[in-house]
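Trainee: A single structure is presented below for examination.
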Amino acid sequence: MRPRKSVRHAELMTFDLDHHGDAEVGAGLIDLAVNVRHQAMPGWLAEPIAESLTRLSAYPEGSAATAAVAARHRRDPAEVLLTAGAAQAFVLLAQALRGARRPIVVHPQFTEPEAALINAGHEVERVLLREEDGFRLDPALVPEDSELVFVGNPTNPTSVLHPAADVAALARPGRVLVVDEAFADTTYRPGVAGEPESLAERRDLPGLVVLRSLTKTWGLAGLRIGYLIGPADLLPRLAAAQPLWAVSTPALAAAAACASPVAIAAEREIAARLAADRAHLVDRLRHVPSVTVAGDPASAFVSVRLPHADQIRVELRERGYAVRRGDTFPGLGPQWLRIAVRDTATTDGFVQTLTEVIEERP
């Protein structure tokens, strides 16, 4: 077994943890930087949201939406807390669990968990997964005495989907294990009816908290709706840190609609199409000189390593494409870019442009 490698708070390298893909997008650019699906909203979602606008004179009431989300995941409503986006859930956890000993963030991953912990006064440690291991989770790398652990699955930005058994191995009494499943609904495996490797329905793992987002597949980034699932005795502590009426009436309508059987069936169809589009993108990228694809991508984005990536990102922007810089993700660096999966025509145009940019460099 390899020795554990964790990075203590005092040793943390400086990263721009508050940088997100939307900062890369600009007028006239083809957006490959933001991991939000760009499609028209279906009627079964648009209509409840529109209808909710007639009820804005009343304060939001979330019991029906909470029950719908709980039923979707075969959980009790007391185990569900709706939030103004999954990002708010990170803040609630960081604030409510201030006394947690030795908080760990497994990187590379979404930077908001670490930012929320630091802002709440935690001394954060990082566990860095390695490219040579395909950025796969090794549970043995996480210190036994950590009382708060954050891991993404599938992980943003590497798009790696960790086996559920490996993630579950991190759970233990006295620890809160936070699994960010914001992109779980983008994953697909032939022959598997639901989301492969999700832990959202597991009630047997002590301290497990699963975070979910409705932003990505349904294009609801501006509406701010997500939720967390966890032990009924923990959620009141998180709710106490949440502002009153934190989730708006339109967001509650979206949460209920997206938990319906129609929505779940549509998600599976979208995830299957996304898998085909992702396979096309990965295949094209693997034929581009000097480009290395990270791990085994399983979500709505792909990370790549290539020389001079920071400069190439600027040159791609000049030619009409916005991609996500990788140097703000701990565990990656300036030689990395993240690319959103789009339709095959968009992919072909982008890869052709990327190839030209690389070949034209001195």
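Convention: chains lettered A, B, ... in structure tokens order; per-chain residue numbering from 1; ligands numbered from 1 as shown.
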Determine, counting only C-alpha atoms, which protein, DNA and RNA residues have an atom within 10 Å of an atom of A:Arg101; residues of the same chain fewer than 4 positions away are not included. Present the result as a ChimeraX atom specification.
Mentor: /A:97,122-124,145-148,175
Trainee: Save out the residues we just selected, N, CA, C and O atoms, as an mmCIF file, in the first residue's frame.
Mentor:
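Final output, result09.cif:
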data_model
loop_
_atom_site.group_PDB
_atom_site.id
_atom_site.type_symbol
_atom_site.label_atom_id
_atom_site.label_comp_id
_atom_site.auth_asym_id
_atom_site.auth_seq_id
_atom_site.Cartn_x
_atom_site.Cartn_y
_atom_site.Cartn_z
ATOM 1 N N LEU A 97 -20.996 22.380 10.998
ATOM 2 C CA LEU A 97 -20.057 21.385 11.506
ATOM 3 C C LEU A 97 -18.707 22.011 11.833
ATOM 4 O O LEU A 97 -17.651 21.428 11.591
ATOM 5 N N HIS A 122 -12.516 26.620 9.134
ATOM 6 C CA HIS A 122 -11.902 25.296 9.250
ATOM 7 C C HIS A 122 -10.454 25.331 8.756
ATOM 8 O O HIS A 122 -10.111 26.080 7.836
ATOM 9 N N GLU A 123 -9.624 24.480 9.339
ATOM 10 C CA GLU A 123 -8.285 24.235 8.811
ATOM 11 C C GLU A 123 -8.373 22.997 7.925
ATOM 12 O O GLU A 123 -8.490 21.875 8.415
ATOM 13 N N VAL A 124 -8.316 23.220 6.633
ATOM 14 C CA VAL A 124 -8.610 22.177 5.657
ATOM 15 C C VAL A 124 -7.357 21.404 5.293
ATOM 16 O O VAL A 124 -6.268 21.974 5.181
ATOM 17 N N ASP A 145 -8.691 9.586 11.226
ATOM 18 C CA ASP A 145 -9.238 10.431 12.276
ATOM 19 C C ASP A 145 -9.993 11.649 11.750
ATOM 20 O O ASP A 145 -10.401 12.512 12.533
ATOM 21 N N SER A 146 -10.197 11.742 10.451
ATOM 22 C CA SER A 146 -10.981 12.851 9.908
ATOM 23 C C SER A 146 -12.451 12.658 10.241
ATOM 24 O O SER A 146 -13.023 11.594 10.035
ATOM 25 N N GLU A 147 -13.088 13.719 10.746
ATOM 26 C CA GLU A 147 -14.503 13.671 11.093
ATOM 27 C C GLU A 147 -15.399 14.279 10.029
ATOM 28 O O GLU A 147 -16.617 14.252 10.163
ATOM 29 N N LEU A 148 -14.801 14.798 8.946
ATOM 30 C CA LEU A 148 -15.581 15.425 7.881
ATOM 31 C C LEU A 148 -14.815 15.264 6.571
ATOM 32 O O LEU A 148 -13.692 15.756 6.440
ATOM 33 N N ARG A 175 -18.006 10.211 11.766
ATOM 34 C CA ARG A 175 -17.580 10.985 10.605
ATOM 35 C C ARG A 175 -18.802 11.368 9.772
ATOM 36 O O ARG A 175 -19.712 10.569 9.595
#
Trainee: Under the rule that only C-alpha atoms are counted, which of A:Leu274, A:Pro362, A:Arg72, A:Leu141 is the nearest residue to A:Glu201?
Mentor: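 Nearest to A:Glu201: A:Arg72.
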Trainee: Residues at most 9 Å from stretch 162-174 of chain A, counting only C-alpha atoms, excluding those fewer than 6 positions away in the same chain, as an MDAnalysis selection string?
Mentor: chainID A and resid 136:140 142 144 146:149 151:155 196:199 205:208
Trainee: For those residues, write N, CA and C atoms to a file as a PDB file, in the first residue's frame.
Mentor:
ATOM      1  N   ARG A 136      -8.543   8.006  -9.718  1.00  0.00           N
ATOM      2  CA  ARG A 136      -9.515   7.175  -8.998  1.00  0.00           C
ATOM      3  C   ARG A 136      -9.310   7.294  -7.497  1.00  0.00           C
ATOM      4  N   LEU A 137     -10.402   7.185  -6.772  1.00  0.00           N
ATOM      5  CA  LEU A 137     -10.370   7.285  -5.313  1.00  0.00           C
ATOM      6  C   LEU A 137      -9.706   6.059  -4.704  1.00  0.00           C
ATOM      7  N   ASP A 138      -8.782   6.310  -3.788  1.00  0.00           N
ATOM      8  CA  ASP A 138      -8.203   5.265  -2.954  1.00  0.00           C
ATOM      9  C   ASP A 138      -8.606   5.577  -1.520  1.00  0.00           C
ATOM     10  N   PRO A 139      -9.563   4.838  -0.939  1.00  0.00           N
ATOM     11  CA  PRO A 139     -10.035   5.167   0.406  1.00  0.00           C
ATOM     12  C   PRO A 139      -8.913   5.200   1.440  1.00  0.00           C
ATOM     13  N   ALA A 140      -7.840   4.450   1.223  1.00  0.00           N
ATOM     14  CA  ALA A 140      -6.749   4.399   2.192  1.00  0.00           C
ATOM     15  C   ALA A 140      -6.006   5.724   2.306  1.00  0.00           C
ATOM     16  N   VAL A 142      -7.358   8.614   2.798  1.00  0.00           N
ATOM     17  CA  VAL A 142      -8.066   9.525   3.702  1.00  0.00           C
ATOM     18  C   VAL A 142      -7.724   9.171   5.142  1.00  0.00           C
ATOM     19  N   GLU A 144      -7.739   8.296   8.947  1.00  0.00           N
ATOM     20  CA  GLU A 144      -8.775   7.650   9.743  1.00  0.00           C
ATOM     21  C   GLU A 144      -9.439   8.606  10.722  1.00  0.00           C
ATOM     22  N   SER A 146     -10.197  11.742  10.451  1.00  0.00           N
ATOM     23  CA  SER A 146     -10.981  12.851   9.908  1.00  0.00           C
ATOM     24  C   SER A 146     -12.451  12.658  10.241  1.00  0.00           C
ATOM     25  N   GLU A 147     -13.088  13.719  10.746  1.00  0.00           N
ATOM     26  CA  GLU A 147     -14.503  13.671  11.093  1.00  0.00           C
ATOM     27  C   GLU A 147     -15.399  14.279  10.029  1.00  0.00           C
ATOM     28  N   LEU A 148     -14.801  14.798   8.946  1.00  0.00           N
ATOM     29  CA  LEU A 148     -15.581  15.425   7.881  1.00  0.00           C
ATOM     30  C   LEU A 148     -14.815  15.264   6.571  1.00  0.00           C
ATOM     31  N   VAL A 149     -15.408  14.558   5.624  1.00  0.00           N
ATOM     32  CA  VAL A 149     -14.743  14.249   4.351  1.00  0.00           C
ATOM     33  C   VAL A 149     -15.666  14.635   3.196  1.00  0.00           C
ATOM     34  N   VAL A 151     -16.062  14.369  -1.014  1.00  0.00           N
ATOM     35  CA  VAL A 151     -15.605  13.729  -2.249  1.00  0.00           C
ATOM     36  C   VAL A 151     -16.697  13.872  -3.299  1.00  0.00           C
ATOM     37  N   GLY A 152     -16.308  14.065  -4.546  1.00  0.00           N
ATOM     38  CA  GLY A 152     -17.274  14.171  -5.634  1.00  0.00           C
ATOM     39  C   GLY A 152     -17.408  12.862  -6.382  1.00  0.00           C
ATOM     40  N   ASN A 153     -18.629  12.556  -6.838  1.00  0.00           N
ATOM     41  CA  ASN A 153     -18.835  11.334  -7.614  1.00  0.00           C
ATOM     42  C   ASN A 153     -20.088  11.448  -8.485  1.00  0.00           C
ATOM     43  N   PRO A 154     -19.938  11.555  -9.814  1.00  0.00           N
ATOM     44  CA  PRO A 154     -18.677  11.707 -10.551  1.00  0.00           C
ATOM     45  C   PRO A 154     -18.025  13.042 -10.207  1.00  0.00           C
ATOM     46  N   THR A 155     -16.715  13.059 -10.332  1.00  0.00           N
ATOM     47  CA  THR A 155     -15.938  14.186  -9.843  1.00  0.00           C
ATOM     48  C   THR A 155     -15.777  15.257 -10.912  1.00  0.00           C
ATOM     49  N   PRO A 196     -25.574   4.655 -12.134  1.00  0.00           N
ATOM     50  CA  PRO A 196     -24.541   3.751 -11.614  1.00  0.00           C
ATOM     51  C   PRO A 196     -23.696   4.445 -10.547  1.00  0.00           C
ATOM     52  N   GLU A 197     -23.461   3.752  -9.464  1.00  0.00           N
ATOM     53  CA  GLU A 197     -22.569   4.159  -8.369  1.00  0.00           C
ATOM     54  C   GLU A 197     -23.146   5.238  -7.450  1.00  0.00           C
ATOM     55  N   SER A 198     -24.418   5.603  -7.598  1.00  0.00           N
ATOM     56  CA  SER A 198     -25.008   6.578  -6.676  1.00  0.00           C
ATOM     57  C   SER A 198     -25.244   5.950  -5.303  1.00  0.00           C
ATOM     58  N   LEU A 199     -25.059   6.768  -4.271  1.00  0.00           N
ATOM     59  CA  LEU A 199     -25.323   6.334  -2.898  1.00  0.00           C
ATOM     60  C   LEU A 199     -26.578   6.998  -2.320  1.00  0.00           C
ATOM     61  N   LEU A 205     -25.259   3.576   5.777  1.00  0.00           N
ATOM     62  CA  LEU A 205     -23.901   4.099   5.949  1.00  0.00           C
ATOM     63  C   LEU A 205     -23.915   5.236   6.965  1.00  0.00           C
ATOM     64  N   PRO A 206     -23.210   5.107   8.073  1.00  0.00           N
ATOM     65  CA  PRO A 206     -23.253   6.148   9.106  1.00  0.00           C
ATOM     66  C   PRO A 206     -22.691   7.472   8.597  1.00  0.00           C
ATOM     67  N   GLY A 207     -23.411   8.550   8.903  1.00  0.00           N
ATOM     68  CA  GLY A 207     -22.919   9.886   8.598  1.00  0.00           C
ATOM     69  C   GLY A 207     -22.907  10.262   7.134  1.00  0.00           C
ATOM     70  N   LEU A 208     -23.554   9.488   6.266  1.00  0.00           N
ATOM     71  CA  LEU A 208     -23.516   9.781   4.831  1.00  0.00           C
ATOM     72  C   LEU A 208     -24.453  10.936   4.493  1.00  0.00           C
TER      73      LEU A 208
END
Trainee: Tell me which protein, DNA and RNA residues are within 6 Å of stretch 218-233 of chain A, counting only C-alpha atoms, leaving out same-chain ones fewer than 3 positions away, and put them as a list in words.
Mentor: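 The residues that qualify are Val36, Arg37, Ala78, Glu79, Val80, Leu81, Leu82, Thr83, Ala84, Gly85, Ala86, Leu208, Val209, Val210, Leu211, Arg212, Ser213, Leu214, Thr215 and Ala251 of chain A.
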Trainee: Since we have the selection now, will you write its residues out, keeping all heavy atoms, as a short mmCIF file (atom, residue, chain, number, x, y, z; two decimals), in the first residue's frame?
Mentor:
data_model
loop_
_atom_site.label_atom_id
_atom_site.label_comp_id
_atom_site.auth_asym_id
_atom_site.auth_seq_id
_atom_site.Cartn_x
_atom_site.Cartn_y
_atom_site.Cartn_z
N VAL A 36 -23.54 22.96 -18.05
CA VAL A 36 -25.00 23.03 -18.01
C VAL A 36 -25.52 22.71 -19.40
O VAL A 36 -25.03 23.25 -20.39
CB VAL A 36 -25.48 24.41 -17.55
CG1 VAL A 36 -27.00 24.52 -17.65
CG2 VAL A 36 -25.04 24.70 -16.12
N ARG A 37 -26.50 21.83 -19.47
CA ARG A 37 -27.06 21.41 -20.76
C ARG A 37 -27.82 22.56 -21.41
O ARG A 37 -28.61 23.24 -20.78
CB ARG A 37 -27.99 20.22 -20.51
CG ARG A 37 -28.61 19.61 -21.76
CD ARG A 37 -29.26 18.27 -21.40
NE ARG A 37 -30.20 17.84 -22.41
CZ ARG A 37 -31.50 18.09 -22.39
NH1 ARG A 37 -32.02 18.75 -21.35
NH2 ARG A 37 -32.29 17.68 -23.34
N ALA A 78 -37.87 13.46 6.20
CA ALA A 78 -37.00 14.00 7.24
C ALA A 78 -35.52 13.87 6.90
O ALA A 78 -34.67 14.46 7.58
CB ALA A 78 -37.28 13.31 8.58
N GLU A 79 -35.22 13.11 5.85
CA GLU A 79 -33.83 12.91 5.42
C GLU A 79 -33.48 13.78 4.22
O GLU A 79 -32.42 13.58 3.62
CB GLU A 79 -33.61 11.44 5.09
CG GLU A 79 -33.83 10.51 6.27
CD GLU A 79 -33.81 9.05 5.89
OE1 GLU A 79 -34.36 8.69 4.82
OE2 GLU A 79 -33.24 8.26 6.66
N VAL A 80 -34.34 14.74 3.86
CA VAL A 80 -34.12 15.59 2.70
C VAL A 80 -34.19 17.05 3.12
O VAL A 80 -35.10 17.46 3.84
CB VAL A 80 -35.18 15.32 1.61
CG1 VAL A 80 -35.05 16.34 0.46
CG2 VAL A 80 -35.04 13.90 1.07
N LEU A 81 -33.21 17.85 2.67
CA LEU A 81 -33.22 19.29 2.87
C LEU A 81 -33.02 19.97 1.52
O LEU A 81 -31.98 19.79 0.88
CB LEU A 81 -32.12 19.72 3.84
CG LEU A 81 -32.02 21.22 4.13
CD1 LEU A 81 -33.28 21.72 4.83
CD2 LEU A 81 -30.77 21.54 4.96
N LEU A 82 -34.02 20.73 1.08
CA LEU A 82 -33.91 21.47 -0.17
C LEU A 82 -33.05 22.71 0.06
O LEU A 82 -33.12 23.36 1.11
CB LEU A 82 -35.30 21.88 -0.65
CG LEU A 82 -36.28 20.74 -0.92
CD1 LEU A 82 -37.63 21.29 -1.35
CD2 LEU A 82 -35.74 19.78 -1.97
N THR A 83 -32.23 23.05 -0.94
CA THR A 83 -31.30 24.16 -0.83
C THR A 83 -31.34 25.02 -2.08
O THR A 83 -31.77 24.59 -3.14
CB THR A 83 -29.87 23.66 -0.60
OG1 THR A 83 -29.48 22.82 -1.71
CG2 THR A 83 -29.75 22.88 0.70
N ALA A 84 -30.84 26.24 -1.95
CA ALA A 84 -30.75 27.15 -3.09
C ALA A 84 -29.51 26.78 -3.90
O ALA A 84 -28.49 27.48 -3.89
CB ALA A 84 -30.69 28.59 -2.62
N GLY A 85 -29.60 25.66 -4.59
CA GLY A 85 -28.46 25.12 -5.31
C GLY A 85 -27.60 24.26 -4.40
O GLY A 85 -27.59 24.44 -3.17
N ALA A 86 -26.88 23.33 -5.01
CA ALA A 86 -26.01 22.46 -4.21
C ALA A 86 -24.91 23.26 -3.52
O ALA A 86 -24.43 22.88 -2.45
CB ALA A 86 -25.41 21.37 -5.09
N LEU A 208 -23.55 9.49 6.27
CA LEU A 208 -23.52 9.78 4.83
C LEU A 208 -24.45 10.94 4.49
O LEU A 208 -25.64 10.91 4.83
CB LEU A 208 -23.93 8.55 4.03
CG LEU A 208 -24.09 8.78 2.52
CD1 LEU A 208 -22.75 9.11 1.86
CD2 LEU A 208 -24.72 7.55 1.85
N VAL A 209 -23.92 11.94 3.80
CA VAL A 209 -24.70 13.05 3.25
C VAL A 209 -24.44 13.10 1.75
O VAL A 209 -23.28 13.17 1.33
CB VAL A 209 -24.31 14.39 3.90
CG1 VAL A 209 -25.04 15.54 3.21
CG2 VAL A 209 -24.63 14.37 5.40
N VAL A 210 -25.49 13.04 0.96
CA VAL A 210 -25.38 13.10 -0.49
C VAL A 210 -25.96 14.41 -0.98
O VAL A 210 -27.09 14.76 -0.63
CB VAL A 210 -26.11 11.91 -1.15
CG1 VAL A 210 -26.10 12.05 -2.68
CG2 VAL A 210 -25.45 10.59 -0.74
N LEU A 211 -25.19 15.13 -1.79
CA LEU A 211 -25.64 16.40 -2.36
C LEU A 211 -26.06 16.19 -3.81
O LEU A 211 -25.38 15.48 -4.57
CB LEU A 211 -24.53 17.44 -2.31
CG LEU A 211 -24.42 18.30 -1.06
CD1 LEU A 211 -24.28 17.42 0.17
CD2 LEU A 211 -23.25 19.26 -1.17
N ARG A 212 -27.16 16.82 -4.19
CA ARG A 212 -27.66 16.71 -5.56
C ARG A 212 -27.98 18.10 -6.11
O ARG A 212 -28.28 19.02 -5.36
CB ARG A 212 -28.93 15.85 -5.59
CG ARG A 212 -28.77 14.47 -4.98
CD ARG A 212 -28.04 13.54 -5.89
NE ARG A 212 -28.75 13.31 -7.12
CZ ARG A 212 -28.76 12.15 -7.79
NH1 ARG A 212 -28.09 11.12 -7.31
NH2 ARG A 212 -29.40 12.02 -8.92
N SER A 213 -27.92 18.21 -7.44
CA SER A 213 -28.22 19.47 -8.12
C SER A 213 -29.19 19.21 -9.25
O SER A 213 -29.12 18.17 -9.91
CB SER A 213 -26.93 20.09 -8.67
OG SER A 213 -27.22 21.20 -9.48
N LEU A 214 -30.08 20.16 -9.49
CA LEU A 214 -30.97 20.10 -10.66
C LEU A 214 -30.53 21.10 -11.73
O LEU A 214 -31.22 21.31 -12.72
CB LEU A 214 -32.41 20.39 -10.23
CG LEU A 214 -32.97 19.42 -9.19
CD1 LEU A 214 -34.38 19.82 -8.79
CD2 LEU A 214 -32.95 17.99 -9.71
N THR A 215 -29.37 21.69 -11.52
CA THR A 215 -28.86 22.72 -12.41
C THR A 215 -28.43 22.18 -13.77
O THR A 215 -28.69 22.79 -14.80
CB THR A 215 -27.66 23.42 -11.76
OG1 THR A 215 -28.11 24.13 -10.61
CG2 THR A 215 -26.98 24.37 -12.71
N ALA A 251 -38.46 27.55 -7.61
CA ALA A 251 -37.48 26.49 -7.44
C ALA A 251 -38.12 25.25 -6.82
O ALA A 251 -37.78 24.12 -7.19
CB ALA A 251 -36.32 26.98 -6.57
#
Trainee: Using only C-alpha atoms, which protein or nucleic acid residues come within 9 Å of A:Leu92? Drop anything in the same chain fewer than 3 positions from it, and give the result as number ranges by chain.
Mentor: A: 88-89, 95-97, 116, 237-242
Trainee: Pick out the residues sitting within 9 Å of stretch 297-305 of chain A, and hand them over as a PyMOL selection string; count only C-alpha atoms, and ignore anything fewer than 4 positions along from it in its own chain.
Mentor: chain A and resi 32-37+154-161+183-188+216+271+274-275+278-279+281-282+285+290-293+309+326+332+334-342
Trainee: Residues at most 12 Å from stretch 44-60 of chain A, counting only C-alpha atoms, excluding those fewer than 4 positions away in the same chain, as an MDAnalysis selection string?
Mentor: chainID A and resid 40 64:65 82 214 218:220 223 244:264 266
Trainee: For the strand (DSSP E or B) assignment from backbone DSSP, which residues of stretch 32-102 of chain A qualify? Please present them as a ChimeraX atom specification.
Mentor: /A:32,80-83
Trainee: Using only all heavy atoms, please write the residues we just selected to a file, as an mmCIF file, in the first residue's frame.
Mentor:
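Contents of again11.cif, as written:
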data_model
loop_
_atom_site.group_PDB
_atom_site.id
_atom_site.type_symbol
_atom_site.label_atom_id
_atom_site.label_comp_id
_atom_site.auth_asym_id
_atom_site.auth_seq_id
_atom_site.Cartn_x
_atom_site.Cartn_y
_atom_site.Cartn_z
ATOM 1 N N LEU A 32 -18.020 25.925 -24.074
ATOM 2 C CA LEU A 32 -17.572 24.599 -23.654
ATOM 3 C C LEU A 32 -16.990 24.668 -22.241
ATOM 4 O O LEU A 32 -16.300 23.753 -21.805
ATOM 5 C CB LEU A 32 -16.513 24.055 -24.625
ATOM 6 C CG LEU A 32 -16.921 23.948 -26.096
ATOM 7 C CD1 LEU A 32 -15.768 23.382 -26.917
ATOM 8 C CD2 LEU A 32 -18.155 23.086 -26.265
ATOM 9 N N VAL A 80 -34.336 14.735 3.862
ATOM 10 C CA VAL A 80 -34.119 15.589 2.697
ATOM 11 C C VAL A 80 -34.187 17.054 3.118
ATOM 12 O O VAL A 80 -35.102 17.464 3.839
ATOM 13 C CB VAL A 80 -35.181 15.323 1.608
ATOM 14 C CG1 VAL A 80 -35.052 16.338 0.458
ATOM 15 C CG2 VAL A 80 -35.043 13.904 1.074
ATOM 16 N N LEU A 81 -33.213 17.848 2.669
ATOM 17 C CA LEU A 81 -33.221 19.291 2.872
ATOM 18 C C LEU A 81 -33.020 19.966 1.522
ATOM 19 O O LEU A 81 -31.980 19.788 0.880
ATOM 20 C CB LEU A 81 -32.121 19.717 3.845
ATOM 21 C CG LEU A 81 -32.021 21.225 4.126
ATOM 22 C CD1 LEU A 81 -33.279 21.725 4.828
ATOM 23 C CD2 LEU A 81 -30.773 21.539 4.961
ATOM 24 N N LEU A 82 -34.016 20.727 1.083
ATOM 25 C CA LEU A 82 -33.912 21.467 -0.167
ATOM 26 C C LEU A 82 -33.054 22.711 0.058
ATOM 27 O O LEU A 82 -33.123 23.356 1.110
ATOM 28 C CB LEU A 82 -35.297 21.882 -0.654
ATOM 29 C CG LEU A 82 -36.280 20.736 -0.915
ATOM 30 C CD1 LEU A 82 -37.626 21.287 -1.348
ATOM 31 C CD2 LEU A 82 -35.742 19.776 -1.971
ATOM 32 N N THR A 83 -32.234 23.051 -0.942
ATOM 33 C CA THR A 83 -31.300 24.162 -0.825
ATOM 34 C C THR A 83 -31.341 25.022 -2.078
ATOM 35 O O THR A 83 -31.775 24.585 -3.143
ATOM 36 C CB THR A 83 -29.865 23.656 -0.602
ATOM 37 O OG1 THR A 83 -29.481 22.820 -1.707
ATOM 38 C CG2 THR A 83 -29.752 22.877 0.696
#
Trainee: DSSP on the backbone: what in stretch 65-234 of chain A comes out alpha helix (DSSP H), as a ChimeraX atom specification?
Mentor: /A:65-72,86-96,112-119,164-168,215-218
Trainee: Quick one: distance from atom CA of A:Arg189 to atom CA of A:Phe350 in Å, one decimal?
Mentor: 26.4 Å
